[in-house]
$ cat final-v9.txt   # compact mmCIF, C-alpha atoms
# COMPACT_ATOMS: atom_id res chain seq x y z
CA MET A 2 0.00 0.00 0.00
CA ALA A 3 1.09 3.58 -0.64
CA ASP A 4 2.92 5.34 2.17
CA LEU A 5 0.64 8.04 3.61
CA ARG A 6 3.20 9.44 6.05
CA ILE A 7 4.03 13.13 5.78
CA ASP A 8 6.63 15.56 7.07
CA PHE A 9 5.13 18.99 7.65
CA ALA A 10 7.77 21.57 8.66
CA GLY A 11 9.53 18.79 10.58
CA ILE A 12 6.30 17.53 12.12
CA ARG A 13 5.68 13.90 11.25
CA SER A 14 2.33 12.14 11.21
CA PRO A 15 1.24 8.70 9.96
CA ASN A 16 -1.17 10.22 7.41
CA PRO A 17 -2.00 13.71 6.16
CA PHE A 18 -5.45 13.87 7.78
CA TRP A 19 -5.67 16.24 10.72
CA LEU A 20 -8.68 17.51 12.61
CA ALA A 21 -9.04 21.25 12.12
CA SER A 22 -9.21 23.67 15.03
CA ALA A 23 -12.94 23.52 15.77
CA PRO A 24 -15.51 21.82 18.04
CA PRO A 25 -14.16 18.29 17.29
CA THR A 26 -10.83 19.25 18.94
CA ASN A 27 -12.31 20.94 21.99
CA SER A 28 -11.14 18.35 24.54
CA ALA A 29 -8.71 15.55 25.29
CA TYR A 30 -11.63 13.09 25.16
CA GLN A 31 -12.33 13.97 21.54
CA VAL A 32 -8.73 14.10 20.33
CA ASN A 33 -7.83 10.83 22.05
CA LYS A 34 -10.87 9.17 20.47
CA ALA A 35 -9.92 10.53 17.05
CA PHE A 36 -6.35 9.25 17.37
CA GLU A 37 -7.62 5.84 18.43
CA GLN A 38 -9.57 5.69 15.18
CA GLY A 39 -6.55 6.64 13.08
CA TRP A 40 -6.40 10.39 12.56
CA GLY A 41 -2.87 11.58 11.88
CA GLY A 42 -3.04 14.84 13.79
CA ALA A 43 -5.22 17.47 15.39
CA VAL A 44 -5.19 21.24 15.70
CA TRP A 45 -6.56 22.05 19.15
CA LYS A 46 -9.57 24.35 19.28
CA THR A 47 -8.24 27.91 19.55
CA ILE A 48 -7.13 28.86 23.04
CA GLY A 49 -6.65 32.28 24.57
CA ALA A 50 -8.48 34.32 27.17
CA PRO A 51 -11.69 32.32 27.84
CA VAL A 52 -14.86 33.66 26.22
CA LEU A 53 -18.61 33.30 26.67
CA ASN A 54 -20.27 31.51 23.78
CA VAL A 55 -23.90 31.88 22.75
CA SER A 56 -26.84 29.56 22.01
CA SER A 57 -27.65 28.62 19.32
CA ARG A 58 -24.41 28.64 17.35
CA TYR A 59 -24.85 26.79 14.04
CA GLY A 60 -26.95 27.23 10.94
CA GLY A 61 -27.10 24.56 8.25
CA PHE A 62 -27.39 24.99 4.50
CA GLU A 63 -29.49 22.23 2.97
CA TYR A 64 -29.72 21.78 -0.79
CA ASN A 65 -31.89 19.37 -2.74
CA GLY A 66 -32.54 17.30 0.36
CA GLU A 67 -28.88 16.95 1.34
CA LYS A 68 -28.06 18.06 4.86
CA LEU A 69 -25.06 20.23 5.73
CA VAL A 70 -23.91 21.09 2.25
CA ALA A 71 -22.45 23.91 4.30
CA ILE A 72 -22.57 25.05 7.91
CA ASN A 73 -22.49 28.53 9.39
CA ASN A 74 -21.33 29.19 12.92
CA VAL A 75 -21.05 32.05 15.39
CA GLU A 76 -19.04 30.01 17.90
CA LEU A 77 -15.96 31.68 19.35
CA ILE A 78 -12.69 30.24 20.63
CA SER A 79 -12.51 27.79 23.53
CA ASP A 80 -14.68 28.77 26.47
CA ARG A 81 -12.86 26.37 28.80
CA PRO A 82 -10.21 27.59 31.26
CA LEU A 83 -6.78 28.01 29.70
CA ASP A 84 -5.13 25.81 32.34
CA THR A 85 -7.55 22.98 31.56
CA ASN A 86 -6.76 23.12 27.86
CA LEU A 87 -2.99 23.22 28.46
CA LYS A 88 -3.17 20.27 30.86
CA GLU A 89 -5.14 18.18 28.35
CA ILE A 90 -2.86 19.09 25.45
CA ARG A 91 0.11 17.88 27.48
CA GLU A 92 -1.69 14.61 28.29
CA VAL A 93 -2.66 13.94 24.70
CA LYS A 94 0.82 14.59 23.32
CA SER A 95 2.41 12.32 25.90
CA LEU A 96 -0.01 9.53 24.96
CA TRP A 97 0.42 9.98 21.19
CA PRO A 98 4.04 10.93 20.40
CA ASP A 99 3.66 9.82 16.77
CA ARG A 100 0.70 12.12 16.04
CA ALA A 101 0.79 15.79 15.13
CA VAL A 102 -0.58 17.92 17.97
CA ILE A 103 -0.87 21.55 16.91
CA VAL A 104 -2.28 24.27 19.15
CA SER A 105 -4.31 27.11 17.67
CA ALA A 106 -4.01 30.36 19.59
CA MET A 107 -5.46 33.85 19.54
CA VAL A 108 -4.71 36.66 21.96
CA GLU A 109 -4.76 40.44 21.89
CA SER A 110 -2.33 42.33 19.67
CA ASP A 111 0.36 42.67 22.30
CA PRO A 112 3.84 41.11 22.04
CA LYS A 113 3.88 40.13 25.72
CA ALA A 114 0.52 38.35 25.43
CA TRP A 115 1.79 36.34 22.47
CA LYS A 116 5.09 35.54 24.18
CA ASP A 117 3.25 34.29 27.27
CA ILE A 118 0.79 32.06 25.42
CA ILE A 119 3.52 30.58 23.21
CA SER A 120 5.66 29.78 26.25
CA GLN A 121 2.71 27.97 27.85
CA ILE A 122 1.99 26.05 24.65
CA GLU A 123 5.60 24.95 24.27
CA ASP A 124 5.58 23.63 27.83
CA THR A 125 2.90 21.10 26.79
CA GLY A 126 5.20 19.42 24.29
CA ALA A 127 2.96 20.42 21.37
CA ASP A 128 4.52 20.11 17.91
CA ALA A 129 3.58 23.56 16.59
CA ILE A 130 1.43 26.60 17.09
CA GLU A 131 -1.18 27.81 14.60
CA LEU A 132 -1.88 31.54 14.71
CA ASN A 133 -5.60 32.04 14.12
CA TYR A 134 -5.92 35.05 11.81
CA GLY A 135 -9.23 33.91 10.41
CA CYS A 136 -12.30 34.09 12.66
CA PRO A 137 -14.74 36.36 10.80
CA HIS A 138 -17.14 36.85 13.71
CA GLY A 139 -17.02 37.74 17.39
CA MET A 140 -13.28 37.83 17.84
CA SER A 141 -12.74 40.09 14.80
CA GLU A 142 -14.87 42.75 16.47
CA ARG A 143 -12.30 42.67 19.29
CA GLY A 144 -9.36 43.30 16.96
CA MET A 145 -8.41 39.63 16.61
CA GLY A 146 -9.07 36.88 14.08
CA SER A 147 -9.77 38.15 10.58
CA ALA A 148 -9.18 41.73 11.75
CA VAL A 149 -5.51 40.69 11.78
CA GLY A 150 -5.59 38.44 8.71
CA GLN A 151 -7.13 41.16 6.56
CA VAL A 152 -4.34 43.66 7.21
CA PRO A 153 -0.97 42.46 5.87
CA GLU A 154 0.97 44.81 8.14
CA TYR A 155 -0.70 43.38 11.26
CA CYS A 156 -0.27 39.88 9.92
CA SER A 157 3.46 40.37 9.47
CA MET A 158 3.92 42.17 12.79
CA ILE A 159 2.18 39.61 14.99
CA THR A 160 3.77 36.72 13.12
CA SER A 161 7.18 38.22 13.83
CA TRP A 162 6.35 38.39 17.55
CA ALA A 163 5.37 34.72 17.52
CA ALA A 164 8.32 33.60 15.40
CA GLU A 165 10.74 35.38 17.71
CA ALA A 166 9.20 33.82 20.81
CA ALA A 167 8.70 30.28 19.50
CA SER A 168 11.14 27.40 19.23
CA ILE A 169 8.53 25.19 17.53
CA PRO A 170 7.10 25.78 14.03
CA VAL A 171 4.72 28.72 13.61
CA ILE A 172 1.81 28.13 11.23
CA VAL A 173 -0.29 31.10 10.13
CA LYS A 174 -3.95 30.38 9.38
CA LEU A 175 -5.23 32.73 6.70
CA THR A 176 -8.68 34.24 6.30
CA PRO A 177 -10.46 33.94 2.93
CA ASN A 178 -12.30 37.20 3.59
CA VAL A 179 -9.87 39.24 1.51
CA THR A 180 -9.61 40.38 -2.10
CA ASP A 181 -6.24 38.70 -2.69
CA ILE A 182 -5.17 35.81 -0.45
CA THR A 183 -1.55 36.11 -1.58
CA LYS A 184 -1.04 39.44 0.21
CA PRO A 185 -1.54 38.18 3.79
CA ALA A 186 0.29 34.98 2.84
CA GLU A 187 3.35 36.94 1.77
CA ALA A 188 3.04 39.10 4.89
CA ALA A 189 3.03 36.01 7.11
CA LEU A 190 6.15 34.69 5.38
CA SER A 191 7.90 38.03 5.75
CA GLY A 192 7.09 37.86 9.47
CA GLY A 193 8.85 34.51 9.76
CA ALA A 194 6.06 31.94 9.45
CA ASP A 195 7.31 28.38 9.01
CA ALA A 196 4.10 27.22 7.35
CA LEU A 197 0.65 28.38 6.26
CA SER A 198 -2.85 26.97 6.60
CA LEU A 199 -6.00 27.91 4.71
CA ILE A 200 -8.83 28.55 4.37
CA ASN A 201 -10.58 29.67 7.51
CA THR A 202 -14.34 30.22 7.33
CA ILE A 203 -16.04 32.62 4.92
CA ASN A 204 -18.14 35.51 6.16
CA SER A 205 -21.80 34.73 5.56
CA ILE A 206 -25.44 34.83 6.55
CA ILE A 207 -26.71 31.35 5.80
CA GLY A 208 -30.42 32.08 5.64
CA VAL A 209 -33.64 33.52 7.01
CA ASP A 210 -36.58 31.60 8.47
CA LEU A 211 -39.51 32.46 6.20
CA ASP A 212 -42.06 31.82 8.97
CA ASP A 213 -40.78 34.14 11.68
CA PHE A 214 -38.18 36.15 9.66
CA HIS A 215 -35.38 35.30 12.12
CA LEU A 216 -31.83 34.82 10.86
CA LYS A 217 -30.18 31.42 11.11
CA PRO A 218 -28.85 30.68 13.67
CA ASN A 219 -31.26 32.49 15.94
CA VAL A 220 -29.76 33.84 19.17
CA GLY A 221 -32.72 35.06 21.20
CA GLY A 222 -34.34 36.73 18.22
CA LYS A 223 -31.13 38.19 16.80
CA GLY A 224 -28.68 36.99 14.19
CA SER A 225 -25.43 38.04 12.60
CA HIS A 226 -22.77 37.11 10.11
CA GLY A 227 -20.82 33.96 10.83
CA GLY A 228 -18.23 31.56 9.43
CA TYR A 229 -19.26 29.47 6.39
CA ALA A 230 -17.67 26.05 5.91
CA GLY A 231 -18.34 22.59 4.52
CA PRO A 232 -18.42 20.96 1.07
CA ALA A 233 -19.86 24.07 -0.58
CA VAL A 234 -16.68 26.09 0.05
CA LYS A 235 -14.27 23.60 -1.55
CA PRO A 236 -13.93 25.38 -4.94
CA ILE A 237 -13.06 28.63 -3.16
CA ALA A 238 -10.57 26.83 -0.93
CA LEU A 239 -8.90 25.14 -3.92
CA HIS A 240 -8.55 28.46 -5.73
CA MET A 241 -6.95 30.17 -2.73
CA LEU A 242 -4.74 27.17 -1.96
CA SER A 243 -3.40 27.09 -5.51
CA SER A 244 -2.79 30.86 -5.47
CA VAL A 245 -0.67 30.55 -2.34
CA ALA A 246 1.06 27.35 -3.49
CA GLY A 247 2.22 29.16 -6.62
CA LEU A 248 3.90 32.03 -4.77
CA GLU A 249 7.60 32.41 -5.43
CA GLY A 250 8.45 32.43 -1.71
CA VAL A 251 6.45 29.26 -1.06
CA GLN A 252 8.06 27.48 -4.01
CA ARG A 253 11.59 28.73 -3.32
CA ASP A 254 11.66 28.01 0.41
CA GLY A 255 9.54 24.87 0.38
CA ILE A 256 6.93 26.36 2.71
CA PRO A 257 4.38 23.65 3.58
CA ILE A 258 0.66 24.42 3.45
CA SER A 259 -2.07 22.79 5.51
CA GLY A 260 -5.17 22.78 3.33
CA MET A 261 -8.78 22.82 4.46
CA GLY A 262 -12.20 23.93 3.33
CA GLY A 263 -14.81 21.35 2.37
CA ILE A 264 -12.76 18.15 2.51
CA GLN A 265 -15.22 15.28 2.93
CA THR A 266 -13.99 12.45 0.67
CA TRP A 267 -10.64 11.00 -0.39
CA ARG A 268 -11.24 12.60 -3.79
CA ASP A 269 -11.42 16.01 -2.14
CA ALA A 270 -8.22 15.19 -0.28
CA ALA A 271 -6.42 14.19 -3.48
CA GLU A 272 -7.37 17.48 -5.14
CA PHE A 273 -6.00 19.49 -2.20
CA LEU A 274 -2.76 17.53 -2.28
CA LEU A 275 -2.37 18.02 -6.03
CA LEU A 276 -2.82 21.77 -5.61
CA GLY A 277 -0.11 22.10 -2.99
CA ALA A 278 -1.35 20.98 0.43
CA THR A 279 0.97 18.80 2.52
CA SER A 280 -1.47 18.16 5.39
CA LEU A 281 -5.25 18.18 5.23
CA GLN A 282 -7.54 19.56 7.93
CA VAL A 283 -11.11 18.34 8.28
CA CYS A 284 -13.92 19.81 10.38
CA THR A 285 -17.48 19.95 9.01
CA ALA A 286 -17.40 16.40 7.65
CA VAL A 287 -16.44 15.12 11.12
CA MET A 288 -19.19 17.18 12.73
CA HIS A 289 -21.59 15.53 10.28
CA TYR A 290 -20.37 11.94 10.17
CA GLY A 291 -17.98 11.48 13.10
CA PHE A 292 -14.38 10.33 13.44
CA ARG A 293 -15.08 7.07 11.55
CA LEU A 294 -14.66 9.07 8.35
CA ILE A 295 -10.91 8.52 8.65
CA ASP A 296 -11.19 4.93 7.38
CA ASP A 297 -12.74 6.03 4.09
CA LEU A 298 -10.25 8.88 3.72
CA CYS A 299 -7.15 6.74 4.24
CA ASP A 300 -8.36 3.68 2.34
CA GLY A 301 -9.61 5.71 -0.61
CA LEU A 302 -6.48 7.82 -0.91
CA SER A 303 -4.20 4.80 -0.53
CA ASN A 304 -6.09 2.75 -3.14
CA TRP A 305 -6.04 5.64 -5.60
CA LEU A 306 -2.29 6.07 -5.17
CA ASP A 307 -1.81 2.33 -5.69
CA GLU A 308 -3.84 2.47 -8.91
CA LYS A 309 -1.65 5.31 -10.14
CA GLY A 310 1.52 3.40 -9.30
CA ILE A 311 2.53 6.07 -6.78
CA THR A 312 4.32 4.78 -3.70
CA SER A 313 4.13 7.84 -1.42
CA VAL A 314 1.60 10.60 -0.85
CA GLU A 315 4.44 13.10 -0.85
CA GLU A 316 5.04 12.39 -4.55
CA ILE A 317 1.78 14.09 -5.58
CA ILE A 318 1.96 17.21 -3.40
CA GLY A 319 1.70 20.19 -5.74
CA ALA A 320 1.75 18.05 -8.90
CA SER A 321 -1.02 20.12 -10.52
CA VAL A 322 0.35 23.54 -9.56
CA PRO A 323 2.48 23.88 -12.75
CA ARG A 324 -0.72 23.42 -14.77
CA ILE A 325 -2.23 26.61 -13.37
CA SER A 326 -2.22 29.37 -15.96
CA SER A 327 -3.90 32.68 -16.67
CA PHE A 328 -6.70 33.30 -19.13
CA GLY A 329 -4.35 35.34 -21.28
CA ASP A 330 -2.16 32.30 -21.94
CA PHE A 331 -4.97 29.96 -23.03
CA ASP A 332 -4.68 28.69 -26.61
CA LEU A 333 -7.58 30.24 -28.51
CA SER A 334 -7.20 27.64 -31.26
CA TYR A 335 -8.08 24.76 -28.93
CA LYS A 336 -11.59 23.49 -29.73
CA THR A 337 -13.91 20.88 -28.29
CA VAL A 338 -17.44 19.96 -29.36
CA ALA A 339 -20.21 18.02 -27.67
CA ARG A 340 -21.18 14.60 -28.95
CA ILE A 341 -24.31 12.81 -27.76
CA ASP A 342 -24.54 9.02 -27.65
CA PRO A 343 -28.08 8.21 -28.91
CA GLU A 344 -27.90 4.75 -27.32
CA LEU A 345 -27.50 6.24 -23.85
CA CYS A 346 -29.89 9.18 -24.34
CA ILE A 347 -33.06 9.00 -22.20
CA HIS A 348 -34.80 11.80 -24.13
CA CYS A 349 -35.10 14.15 -21.17
CA ASN A 350 -34.16 17.08 -23.45
CA LEU A 351 -32.27 18.86 -20.66
CA CYS A 352 -29.32 19.35 -22.99
CA TYR A 353 -31.53 20.94 -25.64
CA ILE A 354 -33.19 23.30 -23.16
CA ALA A 355 -29.90 24.28 -21.55
CA CYS A 356 -28.25 24.97 -24.90
CA ASP A 357 -31.26 26.76 -26.42
CA GLU A 358 -32.10 28.97 -23.47
CA GLY A 359 -28.91 29.13 -21.44
CA ALA A 360 -26.08 28.83 -23.90
CA HIS A 361 -25.45 28.95 -27.68
CA GLN A 362 -28.38 27.32 -29.55
CA CYS A 363 -26.44 24.56 -31.29
CA ILE A 364 -28.47 21.46 -30.40
CA ASP A 365 -31.46 20.41 -32.56
CA LEU A 366 -34.18 17.90 -31.76
CA MET A 367 -34.49 15.44 -34.61
CA VAL A 368 -37.14 12.89 -35.58
CA ASP A 369 -36.46 10.61 -38.56
CA GLY A 370 -33.64 12.90 -39.64
CA GLU A 371 -35.83 16.00 -39.61
CA LYS A 372 -35.49 18.94 -37.24
CA ILE A 373 -38.63 19.53 -35.20
CA ASP A 374 -40.12 22.40 -33.25
CA PRO A 375 -40.55 20.95 -29.73
CA SER A 376 -43.30 23.45 -28.88
CA SER A 377 -45.61 22.10 -31.59
CA TYR A 378 -44.45 18.54 -32.15
CA GLN A 379 -47.29 16.04 -31.58
CA GLY A 380 -45.71 12.81 -32.84
CA ALA A 381 -45.26 9.65 -30.81
CA THR A 382 -41.62 9.13 -31.80
CA LYS A 383 -39.18 10.46 -29.27
CA ALA A 384 -36.88 13.18 -30.51
CA ILE A 385 -33.12 12.73 -30.52
CA PRO A 386 -30.88 15.70 -29.60
CA VAL A 387 -28.17 16.27 -32.19
CA VAL A 388 -25.30 18.74 -31.92
CA ARG A 389 -24.48 20.99 -34.87
CA GLU A 390 -20.74 20.70 -34.43
CA ASP A 391 -19.88 23.62 -36.71
CA ASP A 392 -21.81 25.92 -34.38
CA CYS A 393 -20.84 24.28 -31.07
CA VAL A 394 -18.53 26.49 -28.99
CA GLY A 395 -17.57 23.69 -26.59
CA CYS A 396 -18.95 25.39 -23.50
CA ASN A 397 -19.67 22.02 -21.72
CA LEU A 398 -23.10 23.07 -20.38
CA CYS A 399 -24.98 20.21 -22.07
CA SER A 400 -22.62 17.62 -20.60
CA LEU A 401 -22.97 19.17 -17.15
CA VAL A 402 -26.78 19.04 -17.09
CA CYS A 403 -27.06 15.57 -18.64
CA PRO A 404 -28.19 13.07 -15.95
CA VAL A 405 -26.60 10.05 -17.71
CA ASP A 406 -22.89 9.40 -17.24
CA SER A 407 -20.91 9.38 -20.51
CA CYS A 408 -23.97 10.17 -22.64
CA ILE A 409 -22.47 13.51 -23.69
CA SER A 410 -18.74 13.72 -24.28
CA MET A 411 -16.60 16.75 -25.02
CA VAL A 412 -14.30 15.79 -27.89
CA GLU A 413 -11.28 17.73 -29.12
CA VAL A 414 -11.42 18.56 -32.83
CA ASP A 415 -9.16 20.38 -35.26
CA SER A 416 -10.28 23.98 -35.28
CA GLY A 417 -8.29 24.86 -38.37
CA ARG A 418 -6.85 27.84 -36.54
CA LYS A 419 -3.28 28.70 -35.81
CA ALA A 420 -2.30 28.67 -32.17
CA VAL A 421 -2.57 32.09 -30.56
CA THR A 422 -3.24 33.46 -27.09
CA TRP A 423 -5.07 36.53 -25.86
CA ASN A 424 -1.77 37.95 -24.63
CA GLU A 425 -0.32 37.59 -28.12
CA LEU A 426 -3.29 39.38 -29.63
CA THR A 427 -2.92 42.23 -27.15
CA ARG A 428 0.86 42.46 -27.17
CA LYS A 429 0.89 46.04 -28.46
CA ARG A 430 -1.04 47.24 -25.43
CA PRO A 431 -1.04 44.51 -22.78
CA GLY A 432 -4.54 43.69 -21.61
CA VAL A 433 -6.19 45.82 -24.31
CA LEU A 434 -7.52 44.02 -27.37
CA ASP A 435 -6.10 45.17 -30.71
CA TRP A 436 -9.27 44.93 -32.81
CA ASP A 437 -7.42 45.12 -36.12
CA GLU A 438 -5.23 42.20 -35.05
CA MET A 439 -8.28 40.27 -33.87
CA LYS A 440 -10.13 40.96 -37.12
CA ARG A 441 -7.18 39.74 -39.20
CA TYR A 442 -6.97 36.59 -37.07
CA ARG A 443 -10.70 35.91 -37.42
CA GLU A 444 -10.59 36.37 -41.18
CA GLU A 445 -7.52 34.18 -41.50
CA VAL A 446 -8.95 31.23 -39.63
CA GLY A 447 -12.65 31.76 -40.31
CA ILE A 448 -13.96 32.17 -36.77
CA LYS A 449 -17.73 32.62 -36.76
CA ILE A 450 -19.31 35.43 -34.77
CA HIS A 451 -22.25 34.11 -32.75

$ encode --input "final-v9.txt" --output "structure tokens"
Amino acid sequence: MADLRIDFAGIRSPNPFWLASAPPTNSAYQVNKAFEQGWGGAVWKTIGAPVLNVSSRYGGFEYNGEKLVAINNVELISDRPLDTNLKEIREVKSLWPDRAVIVSAMVESDPKAWKDIISQIEDTGADAIELNYGCPHGMSERGMGSAVGQVPEYCSMITSWAAEAASIPVIVKLTPNVTDITKPAEAALSGGADALSLINTINSIIGVDLDDFHLKPNVGGKGSHGGYAGPAVKPIALHMLSSVAGLEGVQRDGIPISGMGGIQTWRDAAEFLLLGATSLQVCTAVMHYGFRLIDDLCDGLSNWLDEKGITSVEEIIGASVPRISSFGDFDLSYKTVARIDPELCIHCNLCYIACDEGAHQCIDLMVDGEKIDPSSYQGATKAIPVVREDDCVGCNLCSLVCPVDSCISMVEVDSGRKAVTWNELTRKRPGVLDWDEMKRYREEVGIKIH
């Protein structure tokens, strides 16, 4: 079987799956239970000056009958005494020396406060500290959490305090509630961070109760913005992860990244690894299904690696990062068209409707070789959708709405065009289209205007 062991900034764990700093890592009972079931590490729920949490705390986003497609929370950091948390962290690490035990921390923007909390964390034997620069609610209003992560200067300053005080690795957890995730990432690195983790939760209001008009979650008749997480945030997390993984400083210095945001299956995990994550943090999926999820994660990832002939998980970390490009470098001559397998078609006509009303009107409904008008057709013979390939722009929409696997395939065809990119067409004034150049190119290769 493939070797799932990882080395994250000198921290070793038997597999890349760590519990994220959240309710599942609130106590020694939970972390011990998770390690017994096979989790490779855990990031302790954020500690600092104890807080008072509210009730209720979570709101769920349900879609098409599926529960917890995403979850919203207004829960703050640990509300247990600091001494209790430190005592339990020490106990867990002594019991599980081969597992990664990371401690998330958040204190006021004062160098002494950070020096004190880091000293206490190091005394527990913990492997690393994660600086929580991400909470979008509650703590941010107090000048902590995302209030730090959104200001690169603060991010760099506080990271430098922690890096100077710590003898164990310092991981900076980034907030996604920014315009450009690379700015705070670079600031954290300039402050001396040994590693990065992302994404924290996304600012959100998850919904309104249409019966009583209360926000979800409802705290005594009031509601507010909270942190959005779960499977629905994965595409955003992958985008931000890949942006950070591609940074020159990350590539040059081999800065490891702990990826999180919607990981629920081994397939999700593989995508995060391919886009640059070394360790993988999981929260919402555990809150939904429990610690037993680790069996599916490890078995699925290991089997996939075996099928690919890959012996170690570390071989695939960042393997897809070189494939990331910009729109301006896409080859405009590349062309695909949709092809529909009539043997698999169930005549639902979703592809026709999507193309006709939501895309580029290049699918016809045919009966006995004749195009029909579906609004007036009265015949008993079922119509067959047929793509006019000369008009197809290869947008993929028909294949995405089709309910039958492999019924619609996107096939590469020879476009008859010479290879050219947007950047090449705008080389005279970068970013500004040279219409004369574009016109000449269109005339030369015969591009139709839809």

$ closest_atom_pairs --input "final-v9.txt" --of "stretch 137-237 of chain A" --to "stretch 283-301 of chain A" --cutoff "10 Å" --atoms "all atoms listed in the file" --output "CSV"
residue,atom,partner,partner_atom,distance
A:Ala230,CA,A:Thr285,CA,6.8
A:Gly231,CA,A:Thr285,CA,5.3
A:Pro232,CA,A:Thr285,CA,8.1

$ residues_around --input "final-v9.txt" --residues "A:Gly42" --least-positions-apart "5" --cutoff "10 Å" --atoms "only C-alpha atoms" --output "PyMOL selection string"
chain A and resi 12-21+32+35-36+97+99-103+280-282

$ atom_distance --input "final-v9.txt" --atom1 "atom CA of A:Arg253" --atom2 "atom CA of A:Ala164"
19.6 Å

$ residues_around --input "final-v9.txt" --residues "A:Leu77" --least-positions-apart "5" --cutoff "7 Å" --atoms "all atoms listed in the file" --output "PDB file with C-alpha atoms, keeping the file's coordinate frame"
ATOM      1  CA  ASN A  54     -20.270  31.510  23.780  1.00  0.00           C
ATOM      2  CA  GLY A 139     -17.020  37.740  17.390  1.00  0.00           C
ATOM      3  CA  MET A 140     -13.280  37.830  17.840  1.00  0.00           C
TER       4      MET A 140
END

$ residues_around --input "final-v9.txt" --residues "stretch 341-354 of chain A" --least-positions-apart "6" --cutoff "6 Å" --atoms "all atoms listed in the file" --output "PDB file with C-alpha atoms, in the coordinates of the input"
ATOM      1  CA  ILE A 364     -28.470  21.460 -30.400  1.00  0.00           C
ATOM      2  CA  CYS A 399     -24.980  20.210 -22.070  1.00  0.00           C
ATOM      3  CA  CYS A 408     -23.970  10.170 -22.640  1.00  0.00           C
ATOM      4  CA  ILE A 409     -22.470  13.510 -23.690  1.00  0.00           C
TER       5      ILE A 409
END

$ atom_distance --input "final-v9.txt" --atom1 "atom CA of A:Ile206" --atom2 "atom CA of A:Phe62"
10.2 Å

$ build_atoms --input "final-v9.txt" --residues "stretch 336-348 of chain A" --atoms "N, CA and C atoms" --output "PDB file, in the frame of the given file"
ATOM      1  N   LYS A 336     -10.138  23.585 -29.537  1.00  0.00           N
ATOM      2  CA  LYS A 336     -11.590  23.490 -29.730  1.00  0.00           C
ATOM      3  C   LYS A 336     -12.096  22.104 -29.332  1.00  0.00           C
ATOM      4  N   THR A 337     -13.180  22.109 -28.590  1.00  0.00           N
ATOM      5  CA  THR A 337     -13.910  20.880 -28.290  1.00  0.00           C
ATOM      6  C   THR A 337     -15.358  21.053 -28.730  1.00  0.00           C
ATOM      7  N   VAL A 338     -16.016  19.938 -29.035  1.00  0.00           N
ATOM      8  CA  VAL A 338     -17.440  19.960 -29.360  1.00  0.00           C
ATOM      9  C   VAL A 338     -18.124  18.861 -28.563  1.00  0.00           C
ATOM     10  N   ALA A 339     -19.424  19.027 -28.376  1.00  0.00           N
ATOM     11  CA  ALA A 339     -20.210  18.020 -27.670  1.00  0.00           C
ATOM     12  C   ALA A 339     -20.691  16.949 -28.622  1.00  0.00           C
ATOM     13  N   ARG A 340     -20.622  15.701 -28.172  1.00  0.00           N
ATOM     14  CA  ARG A 340     -21.180  14.600 -28.950  1.00  0.00           C
ATOM     15  C   ARG A 340     -22.078  13.767 -28.043  1.00  0.00           C
ATOM     16  N   ILE A 341     -23.282  13.500 -28.546  1.00  0.00           N
ATOM     17  CA  ILE A 341     -24.310  12.810 -27.760  1.00  0.00           C
ATOM     18  C   ILE A 341     -24.441  11.375 -28.247  1.00  0.00           C
ATOM     19  N   ASP A 342     -24.368  10.435 -27.321  1.00  0.00           N
ATOM     20  CA  ASP A 342     -24.540   9.020 -27.650  1.00  0.00           C
ATOM     21  C   ASP A 342     -26.029   8.701 -27.669  1.00  0.00           C
ATOM     22  N   PRO A 343     -26.630   8.459 -28.853  1.00  0.00           N
ATOM     23  CA  PRO A 343     -28.080   8.210 -28.910  1.00  0.00           C
ATOM     24  C   PRO A 343     -28.509   6.936 -28.186  1.00  0.00           C
ATOM     25  N   GLU A 344     -27.559   5.999 -28.014  1.00  0.00           N
ATOM     26  CA  GLU A 344     -27.900   4.750 -27.320  1.00  0.00           C
ATOM     27  C   GLU A 344     -28.071   4.967 -25.823  1.00  0.00           C
ATOM     28  N   LEU A 345     -27.392   5.970 -25.290  1.00  0.00           N
ATOM     29  CA  LEU A 345     -27.500   6.240 -23.850  1.00  0.00           C
ATOM     30  C   LEU A 345     -28.536   7.317 -23.535  1.00  0.00           C
ATOM     31  N   CYS A 346     -28.959   8.064 -24.559  1.00  0.00           N
ATOM     32  CA  CYS A 346     -29.890   9.180 -24.340  1.00  0.00           C
ATOM     33  C   CYS A 346     -31.227   8.683 -23.807  1.00  0.00           C
ATOM     34  N   ILE A 347     -31.757   9.358 -22.778  1.00  0.00           N
ATOM     35  CA  ILE A 347     -33.060   9.000 -22.200  1.00  0.00           C
ATOM     36  C   ILE A 347     -34.149   9.998 -22.606  1.00  0.00           C
ATOM     37  N   HIS A 348     -33.827  10.880 -23.538  1.00  0.00           N
ATOM     38  CA  HIS A 348     -34.800  11.800 -24.130  1.00  0.00           C
ATOM     39  C   HIS A 348     -35.401  12.767 -23.106  1.00  0.00           C
TER      40      HIS A 348
END
